[in-house]
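Student: You'll find protein34.cif just under this line, and it carries mmCIF, C-alpha atoms.
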data_query
#
loop_
_atom_site.label_atom_id
_atom_site.label_comp_id
_atom_site.auth_asym_id
_atom_site.auth_seq_id
_atom_site.Cartn_x
_atom_site.Cartn_y
_atom_site.Cartn_z
CA MET A 8 0.00 0.00 0.00
CA ARG A 9 1.47 3.33 -1.05
CA GLY A 10 1.37 5.56 1.97
CA ILE A 11 1.89 9.24 2.62
CA ALA A 12 2.21 11.24 5.81
CA LEU A 13 0.56 14.65 5.71
CA VAL A 14 2.13 17.08 8.15
CA PRO A 15 0.50 20.52 8.42
CA ALA A 16 2.89 22.97 10.06
CA LEU A 17 2.68 26.61 11.08
CA ASN A 18 5.85 28.10 12.56
CA GLU A 19 7.20 24.77 13.77
CA GLU A 20 10.90 25.10 12.89
CA GLY A 21 11.75 23.80 16.36
CA THR A 22 9.92 20.48 16.09
CA ILE A 23 9.44 19.68 12.41
CA ALA A 24 12.80 17.96 11.92
CA THR A 25 12.12 15.60 14.84
CA VAL A 26 8.63 14.79 13.55
CA ILE A 27 10.06 13.94 10.11
CA ALA A 28 12.82 11.79 11.62
CA GLU A 29 10.27 9.94 13.76
CA LEU A 30 8.03 9.36 10.74
CA ARG A 31 11.05 7.90 8.90
CA ALA A 32 11.74 5.66 11.87
CA PHE A 33 8.14 4.46 11.86
CA ASP A 34 8.21 3.58 8.15
CA SER A 35 11.05 4.43 5.80
CA GLU A 36 8.83 3.81 2.75
CA LEU A 37 6.37 6.50 3.75
CA GLU A 38 6.37 9.64 1.61
CA ILE A 39 6.36 12.69 3.86
CA LEU A 40 4.59 15.84 2.75
CA VAL A 41 4.90 18.92 4.93
CA ILE A 42 2.29 21.58 4.23
CA ASP A 43 3.70 24.90 5.36
CA ASP A 44 0.67 27.04 6.11
CA GLY A 45 2.34 30.42 5.59
CA SER A 46 4.96 30.17 8.34
CA HIS A 47 7.07 33.20 9.17
CA ASP A 48 9.97 31.09 10.39
CA ARG A 49 12.18 28.54 8.62
CA THR A 50 9.74 25.62 8.84
CA ALA A 51 9.79 24.91 5.08
CA GLU A 52 13.58 25.13 4.84
CA VAL A 53 14.14 22.83 7.82
CA ALA A 54 11.56 20.35 6.51
CA GLN A 55 13.17 20.30 3.08
CA ARG A 56 16.61 19.73 4.55
CA SER A 57 15.20 16.86 6.60
CA GLY A 58 14.20 15.18 3.35
CA ALA A 59 10.47 15.85 3.31
CA ARG A 60 8.53 17.07 0.32
CA VAL A 61 7.25 20.55 1.10
CA VAL A 62 4.24 22.45 -0.16
CA ARG A 63 4.36 26.11 0.75
CA LEU A 64 1.06 27.92 0.86
CA PRO A 65 1.44 31.56 -0.21
CA PHE A 66 -0.44 32.70 2.89
CA ASN A 67 -2.12 31.20 5.92
CA LEU A 68 -5.19 29.18 4.96
CA GLY A 69 -5.93 27.78 8.41
CA ILE A 70 -5.56 24.14 9.36
CA GLY A 71 -8.51 22.99 7.22
CA GLY A 72 -7.20 24.51 4.00
CA ALA A 73 -3.67 23.29 4.73
CA VAL A 74 -4.69 19.70 5.39
CA GLN A 75 -6.96 19.63 2.35
CA THR A 76 -3.98 20.66 0.23
CA GLY A 77 -2.35 17.47 1.48
CA PHE A 78 -5.42 15.34 0.68
CA ARG A 79 -5.50 16.79 -2.85
CA TYR A 80 -1.82 15.93 -3.29
CA ALA A 81 -2.41 12.41 -1.98
CA PHE A 82 -5.43 11.96 -4.24
CA GLU A 83 -3.77 13.28 -7.41
CA ASN A 84 -0.68 11.17 -6.84
CA GLY A 85 -2.58 7.95 -6.31
CA PHE A 86 -1.82 7.27 -2.66
CA GLU A 87 -3.89 4.53 -1.05
CA LEU A 88 -3.14 5.37 2.56
CA ALA A 89 -2.65 8.72 4.25
CA VAL A 90 -1.77 9.50 7.83
CA ARG A 91 -2.15 12.94 9.34
CA VAL A 92 0.40 13.99 11.89
CA ASP A 93 0.66 17.51 13.28
CA GLY A 94 3.95 19.33 12.85
CA ASP A 95 4.10 20.46 16.48
CA GLY A 96 5.24 17.09 17.81
CA GLN A 97 2.13 16.38 19.89
CA HIS A 98 1.37 13.34 17.78
CA ASP A 99 3.86 10.57 18.48
CA PRO A 100 4.63 8.76 15.19
CA SER A 101 5.62 5.64 17.12
CA GLN A 102 1.88 5.27 17.89
CA LEU A 103 0.95 5.36 14.23
CA ALA A 104 0.85 1.57 13.96
CA ALA A 105 -2.30 1.42 16.11
CA VAL A 106 -4.05 4.03 13.95
CA VAL A 107 -2.93 2.60 10.61
CA GLU A 108 -3.73 -1.02 11.39
CA PRO A 109 -7.57 -1.01 11.15
CA VAL A 110 -7.36 0.94 7.87
CA VAL A 111 -4.83 -1.45 6.31
CA ARG A 112 -6.90 -4.42 7.48
CA GLY A 113 -9.85 -2.92 5.64
CA ASP A 114 -11.99 -2.67 8.79
CA THR A 115 -12.58 1.04 8.39
CA ASP A 116 -12.14 3.95 5.98
CA ILE A 117 -10.73 6.31 8.58
CA ALA A 118 -9.18 5.69 11.99
CA VAL A 119 -8.82 8.48 14.55
CA GLY A 120 -6.44 8.44 17.50
CA SER A 121 -8.34 9.33 20.66
CA ARG A 122 -6.75 10.73 23.81
CA TYR A 123 -9.76 9.87 25.92
CA LEU A 124 -10.37 6.29 24.92
CA GLY A 125 -9.07 3.56 27.20
CA ALA A 126 -6.52 3.71 29.99
CA ARG A 127 -3.76 5.23 27.87
CA GLY A 128 -5.62 8.49 27.53
CA ASP A 129 -5.36 9.36 31.20
CA GLY A 130 -1.95 10.93 30.88
CA TYR A 131 -2.98 13.77 28.60
CA ARG A 132 -3.25 17.10 30.36
CA SER A 133 -5.11 20.07 29.02
CA SER A 134 -6.92 23.03 30.51
CA ALA A 135 -10.31 22.43 32.17
CA MET A 136 -12.00 24.83 29.74
CA ARG A 137 -10.73 22.92 26.74
CA ARG A 138 -11.79 19.61 28.27
CA VAL A 139 -15.33 20.88 28.81
CA GLY A 140 -15.42 22.14 25.22
CA ILE A 141 -14.17 18.86 23.80
CA ARG A 142 -16.63 16.88 25.90
CA LEU A 143 -19.55 19.01 24.69
CA LEU A 144 -18.49 18.59 21.07
CA ALA A 145 -18.06 14.84 21.65
CA ARG A 146 -21.65 14.63 22.90
CA VAL A 147 -23.02 16.57 19.93
CA VAL A 148 -21.01 14.59 17.38
CA SER A 149 -21.95 11.27 19.01
CA LEU A 150 -25.62 12.25 18.79
CA LEU A 151 -25.38 13.30 15.15
CA THR A 152 -23.47 10.22 14.03
CA ARG A 153 -25.18 7.73 16.38
CA GLN A 154 -21.72 6.45 17.21
CA ARG A 155 -19.68 6.99 20.38
CA ILE A 156 -17.01 9.61 19.66
CA THR A 157 -14.65 10.54 22.51
CA ASP A 158 -12.10 12.85 20.89
CA PRO A 159 -13.74 14.79 18.04
CA THR A 160 -10.92 17.33 17.71
CA SER A 161 -8.13 14.81 17.17
CA GLY A 162 -6.09 15.29 14.01
CA PHE A 163 -4.12 12.08 14.49
CA GLN A 164 -5.72 10.01 11.74
CA ALA A 165 -5.20 7.34 9.10
CA LEU A 166 -7.32 7.26 5.93
CA ASN A 167 -7.79 4.94 2.99
CA ARG A 168 -8.24 5.98 -0.65
CA LYS A 169 -11.99 6.45 -0.27
CA ALA A 170 -11.58 8.85 2.64
CA ILE A 171 -8.74 10.69 0.88
CA MET A 172 -11.07 11.18 -2.10
CA LEU A 173 -13.86 12.54 0.06
CA PHE A 174 -11.63 15.04 1.86
CA ALA A 175 -9.87 16.08 -1.36
CA ALA A 176 -13.29 17.02 -2.71
CA ASP A 177 -14.90 18.42 0.42
CA TYR A 178 -13.25 19.41 3.68
CA PRO A 179 -14.43 21.89 6.30
CA HIS A 180 -12.71 25.25 6.83
CA ASP A 181 -10.80 26.65 9.80
CA TYR A 182 -10.63 23.89 12.42
CA PRO A 183 -12.06 20.98 10.45
CA GLU A 184 -11.90 17.78 12.54
CA VAL A 185 -15.26 17.94 14.30
CA GLU A 186 -17.27 18.73 11.17
CA ALA A 187 -15.24 16.17 9.20
CA ILE A 188 -16.43 13.34 11.47
CA VAL A 189 -20.05 14.16 10.68
CA LEU A 190 -19.20 14.56 6.99
CA VAL A 191 -17.67 11.06 7.01
CA GLU A 192 -20.82 9.61 8.54
CA ARG A 193 -23.12 11.44 6.09
CA HIS A 194 -21.18 9.93 3.19
CA ARG A 195 -21.56 6.49 4.78
CA LEU A 196 -17.85 5.98 5.28
CA ARG A 197 -16.71 3.99 8.28
CA LEU A 198 -14.83 5.61 11.14
CA VAL A 199 -13.30 4.09 14.26
CA GLU A 200 -11.47 5.60 17.21
CA VAL A 201 -8.28 4.06 18.48
CA PRO A 202 -6.78 4.80 21.92
CA ILE A 203 -3.50 6.73 21.75
CA ALA A 204 -1.47 8.96 24.05
CA MET A 205 -0.51 12.44 22.96
CA ARG A 206 2.55 14.32 24.10
CA PRO A 207 2.44 17.82 25.51
CA ARG A 208 3.73 20.36 23.02
CA THR A 209 7.42 21.13 23.39
CA ALA A 210 7.85 24.24 21.24
CA GLY A 211 5.74 26.72 19.33
CA ARG A 212 2.20 27.37 20.44
CA SER A 213 -1.26 26.03 19.80
CA SER A 214 -3.19 27.57 16.95
CA ILE A 215 -6.28 27.63 19.17
CA ARG A 216 -6.10 30.42 21.75
CA THR A 217 -8.58 31.46 24.39
CA LEU A 218 -10.49 34.17 22.57
CA SER A 219 -10.62 32.33 19.28
CA SER A 220 -11.80 29.19 21.07
CA VAL A 221 -15.11 30.95 21.78
CA TYR A 222 -15.44 31.74 18.08
CA TYR A 223 -14.39 28.18 17.32
CA MET A 224 -17.07 26.61 19.54
CA VAL A 225 -19.86 28.80 18.17
CA LYS A 226 -18.76 28.33 14.57
CA VAL A 227 -18.49 24.55 14.88
CA LEU A 228 -21.87 24.25 16.59
CA VAL A 229 -23.54 26.41 13.92
CA ALA A 230 -21.83 24.40 11.18
CA LEU A 231 -22.93 21.09 12.74
CA PHE A 232 -26.50 22.31 13.20
CA VAL A 233 -26.91 23.74 9.71
CA GLY A 234 -24.93 20.89 8.17
CA SER A 235 -27.40 18.36 9.51
CA PHE A 236 -30.02 19.91 7.21
CA ARG A 237 -27.84 19.37 4.15
CA ARG A 238 -28.24 16.52 1.74
CA TYR A 239 -25.11 14.70 0.69
CA SER A 240 -24.48 12.60 -2.36
CA THR A 241 -23.39 9.15 -1.27
CA PRO A 242 -21.12 7.44 -1.75
CA LEU A 243 -18.25 8.65 -3.93
CA GLU A 244 -16.91 6.42 -6.65
CA GLU A 245 -13.63 6.88 -8.44
CA LYS A 246 -13.91 7.66 -12.13
CA MET B 17 -44.99 51.36 25.45
CA THR B 18 -44.19 49.60 22.21
CA PRO B 19 -47.25 49.05 19.99
CA LEU B 20 -48.04 45.33 19.67
CA LYS B 21 -48.14 45.55 15.88
CA VAL B 22 -44.59 46.90 15.81
CA SER B 23 -43.39 44.00 17.97
CA ILE B 24 -45.06 41.47 15.70
CA ALA B 25 -43.79 43.01 12.47
CA ALA B 26 -40.24 43.34 13.82
CA SER B 27 -40.28 39.74 15.10
CA ILE B 28 -41.38 38.46 11.70
CA ALA B 29 -38.66 40.50 9.97
CA SER B 30 -36.01 39.08 12.35
CA VAL B 31 -37.18 35.52 11.78
CA ILE B 32 -37.04 36.05 8.01
CA LEU B 33 -33.48 37.37 8.33
CA LEU B 34 -32.49 34.28 10.36
CA LEU B 35 -34.13 31.92 7.88
CA VAL B 36 -32.43 33.56 4.90
CA VAL B 37 -29.03 33.35 6.59
CA PHE B 38 -29.70 29.72 7.55
CA GLU B 39 -30.60 28.80 3.97
CA LEU B 40 -27.53 30.60 2.61
CA ILE B 41 -25.28 28.57 4.93
CA ARG B 42 -27.09 25.34 4.17
CA SER B 43 -26.74 25.80 0.42
CA ARG B 44 -23.08 26.74 0.96
CA ARG B 45 -23.37 30.20 -0.47
CA LEU B 46 -22.32 31.71 2.85
CA ARG B 47 -19.49 30.39 4.99
CA GLU B 48 -20.18 29.96 8.69
CA ARG B 49 -17.29 32.31 9.43
CA TYR B 50 -19.05 35.22 7.73
CA ALA B 51 -22.53 34.25 8.86
CA LEU B 52 -21.94 34.49 12.61
CA LEU B 53 -22.37 38.27 12.79
CA TRP B 54 -25.57 38.06 10.77
CA LEU B 55 -26.92 35.33 13.03
CA LEU B 56 -26.08 37.40 16.09
CA THR B 57 -27.86 40.38 14.50
CA GLY B 58 -30.95 38.30 13.83
CA VAL B 59 -31.05 36.80 17.31
CA VAL B 60 -30.58 40.14 19.12
CA LEU B 61 -33.23 41.83 16.98
CA LEU B 62 -35.63 38.95 17.52
CA VAL B 63 -35.15 39.07 21.29
CA LEU B 64 -35.66 42.84 21.40
CA SER B 65 -38.72 42.62 19.14
CA ALA B 66 -40.47 39.84 21.04
CA TRP B 67 -39.46 40.78 24.58
CA ARG B 68 -41.39 44.03 24.85
CA GLY B 69 -40.61 44.72 28.52
CA GLY B 70 -36.90 44.49 27.74
CA LEU B 71 -37.16 46.97 24.89
CA ASN B 72 -38.97 49.46 27.13
CA THR B 73 -36.39 49.04 29.89
CA ILE B 74 -33.52 49.70 27.50
CA ALA B 75 -35.37 52.71 26.09
CA ASP B 76 -35.65 54.04 29.65
CA TRP B 77 -31.93 53.54 30.28
CA VAL B 78 -30.86 55.57 27.30
CA GLY B 79 -33.51 58.23 27.76
CA VAL B 80 -35.84 57.40 24.89
CA GLU B 81 -39.20 58.30 26.44
CA THR B 82 -41.63 58.79 23.59
CA TYR B 83 -41.11 55.86 21.25
CA PRO B 84 -39.27 52.69 22.46
CA PRO B 85 -39.17 50.98 19.00
CA ALA B 86 -36.57 53.60 18.04
CA ILE B 87 -34.21 51.35 20.01
CA LEU B 88 -34.81 48.62 17.42
CA PHE B 89 -33.61 50.94 14.67
CA ALA B 90 -30.62 52.02 16.71
CA VAL B 91 -29.57 48.44 17.49
CA ALA B 92 -30.14 47.32 13.90
CA SER B 93 -28.04 50.22 12.59
CA LEU B 94 -25.25 49.39 15.03
CA PHE B 95 -25.16 45.79 13.88
CA ILE B 96 -25.21 46.77 10.22
CA LEU B 97 -22.29 49.10 10.96
CA ALA B 98 -20.44 46.23 12.63
CA VAL B 99 -21.09 43.88 9.71
CA LEU B 100 -19.90 46.51 7.21
CA LEU B 101 -16.76 47.21 9.19
CA HIS B 102 -16.09 43.49 9.44
CA TYR B 103 -16.47 43.13 5.69
CA SER B 104 -14.09 46.01 5.10
CA THR B 105 -11.41 44.10 6.99
CA VAL B 106 -12.28 40.93 5.07
CA ILE B 107 -11.97 42.76 1.74
CA SER B 108 -8.64 44.24 2.78
CA LYS B 109 -7.31 40.82 3.68
CA LEU B 110 -8.59 39.36 0.40
CA SER B 111 -6.95 42.07 -1.68
CA ASP B 112 -3.64 41.53 0.16
CA GLN B 113 -3.85 37.81 -0.53
CA ASN B 114 -4.84 38.50 -4.13
CA SER B 115 -1.69 40.48 -4.81
CA ILE B 116 0.43 37.78 -3.17
CA LEU B 117 -1.22 35.22 -5.48
CA ALA B 118 -0.64 37.39 -8.57
CA GLN B 119 3.02 37.86 -7.64
CA ARG B 120 3.53 34.15 -7.00
CA LEU B 121 1.85 33.27 -10.29
CA ALA B 122 3.95 35.74 -12.27
CA LEU B 123 7.16 34.45 -10.69
CA LEU B 124 6.15 30.83 -11.40
CA GLU B 125 5.29 31.69 -15.01
CA GLU B 126 8.69 33.31 -15.44
CA ARG B 127 10.33 30.20 -14.04
CA ILE B 128 8.48 27.98 -16.52
CA THR B 129 8.58 30.06 -19.71
CA GLY B 130 11.38 32.58 -19.10
CA SER B 131 14.77 32.07 -20.71
CA GLY B 132 17.47 30.60 -18.56
#
As structure tokens - that is how I would like this structure written.
Tutor:
Amino acid sequence: MRGIALVPALNEEGTIATVIAELRAFDSELEILVIDDGSHDRTAEVAQRSGARVVRLPFNLGIGGAVQTGFRYAFENGFELAVRVDGDGQHDPSQLAAVVEPVVRGDTDIAVGSRYLGARGDGYRSSAMRRVGIRLLARVVSLLTRQRITDPTSGFQALNRKAIMLFAADYPHDYPEVEAIVLVERHRLRLVEVPIAMRPRTAGRSSIRTLSSVYYMVKVLVALFVGSFRRYSTPLEEK
Amino acid sequence: MTPLKVSIAASIASVILLLVVFELIRSRRLRERYALLWLLTGVVLLVLSAWRGGLNTIADWVGVETYPPAILFAVASLFILAVLLHYSTVISKLSDQNSILAQRLALLEERITGSG
């Protein structure tokens, strides 16, 4: 199976080289595509020197637009498996095996690493506010998809060709993960969560800050509500 | 006191605004990001239209004694001002990005077709 790692990065010159090295260590066959979402530091240069393929966006598109660039690349170049790993080092590539496995086995179209599933999730620390927000979104998404979702904001994912095709064609804007889960369900693709542990970030800073997290919550809830009144063509077939 | 007819007419207008915005988002002609201010406008106007006691209280606060529905106009104008200002910033950002795109495209074209 031809696989590609999609690594969105915004000002991550401090961690990107390590992430690339760890991805290599996980699987040396994996093509690594770093999507530089308009960084002001040397992220693209460092990534290139570390041997990754780099797509530089001319300005910041936000995580949704950046990741979709990666899905389009994966789709156009015929990849059958894609993994998404954030450039900030919070996703530990050594845990990729658990996320990739159900997709390779053909049990699911998309597998999502969850911090809150199983005993391994206990170690992850985040602010109380963020926890409450994530739990609320988890409830809403679980209701909409009639499937138990514990970590709807996780970007640690593995996808097969079908899921790559869907996201290359249609992917939510801004912070996309929550809406994407519902999108996957509406298109009758299969999704499973897999327990993983995430590391605390070591450098750089989160793209979600306090004030924008209020905007984020409202926007996502509006998008989920309105989106549930949309009709979707199902399912996609490759031409 | 606000005339009942005014409250009803204003409520209907607010609901229509909310429905139009909803349909624009649903049919993907309006991104959620740019719809939030409109939704807030619709909700605030609906609350002020339907909750007549509240409108009168606010009119009292700001010294409008003769005709409380004037507050509806004032609030609506304020929100329209906010939406316009917001769009001005959006247009500015878009035109910045547009010139970056044009420059990148021209440089790429030179790299592909230019001599040397």
Student: Using all atoms listed in the file, find which residues of chain A lie within 7 Å of chain B and jot them down as a ChimeraX atom specification.
Tutor: /A:65,226,230,233-234,236-237
Student: Can you write just those residues out, C-alpha atoms, as a JSON list (two decimals), in the coordinates of the input?
Tutor:
[["chain", "number", "residue", "atom", "x", "y", "z"],
["A", 65, "PRO", "CA", 1.44, 31.56, -0.21],
["A", 226, "LYS", "CA", -18.76, 28.33, 14.57],
["A", 230, "ALA", "CA", -21.83, 24.40, 11.18],
["A", 233, "VAL", "CA", -26.91, 23.74, 9.71],
["A", 234, "GLY", "CA", -24.93, 20.89, 8.17],
["A", 236, "PHE", "CA", -30.02, 19.91, 7.21],
["A", 237, "ARG", "CA", -27.84, 19.37, 4.15]]
Student: CA of Asp34 (chain A) to CA of Arg112 (chain A): how many Å, to one decimal?
Tutor: 17.1 Å
Student: Could you give me, as a VMD selection string, the residues within 8 Å of region 175-187 of chain A, counting all atoms listed in the file and dropping anything in the same chain fewer than 3 positions from it?
Tutor: chain A and resid 68 to 72 75 to 76 78 to 79 82 144 148 159 to 162 171 to 172 190 to 191 223 227 230 to 231
Student: Please enumerate the residues selected by the PyMOL selection byres ((chain A and resi 16-30) around 7) when evaluated against the supplied file, formatted as a short mmCIF file (atom, residue, chain, number, x, y, z; two decimals) with C-alpha atoms, keeping the file's coordinate frame.
Tutor:
data_model
loop_
_atom_site.label_atom_id
_atom_site.label_comp_id
_atom_site.auth_asym_id
_atom_site.auth_seq_id
_atom_site.Cartn_x
_atom_site.Cartn_y
_atom_site.Cartn_z
CA VAL A 14 2.13 17.08 8.15
CA PRO A 15 0.50 20.52 8.42
CA ARG A 31 11.05 7.90 8.90
CA ALA A 32 11.74 5.66 11.87
CA PHE A 33 8.14 4.46 11.86
CA ASP A 34 8.21 3.58 8.15
CA VAL A 41 4.90 18.92 4.93
CA ILE A 42 2.29 21.58 4.23
CA ASP A 43 3.70 24.90 5.36
CA ASP A 44 0.67 27.04 6.11
CA GLY A 45 2.34 30.42 5.59
CA SER A 46 4.96 30.17 8.34
CA HIS A 47 7.07 33.20 9.17
CA ASP A 48 9.97 31.09 10.39
CA ARG A 49 12.18 28.54 8.62
CA THR A 50 9.74 25.62 8.84
CA VAL A 53 14.14 22.83 7.82
CA ALA A 54 11.56 20.35 6.51
CA SER A 57 15.20 16.86 6.60
CA ASP A 93 0.66 17.51 13.28
CA GLY A 94 3.95 19.33 12.85
CA ASP A 95 4.10 20.46 16.48
CA GLY A 96 5.24 17.09 17.81
CA PRO A 100 4.63 8.76 15.19
CA ALA A 210 7.85 24.24 21.24
CA GLY A 211 5.74 26.72 19.33
#
Student: Using the chain letters and numbers from the file, give me the residues hit by the PyMOL selection byres ((chain B and resi 29-33) around 8), as a ChimeraX atom specification.
Tutor: /B:25-28,34-37,58-59,61-62
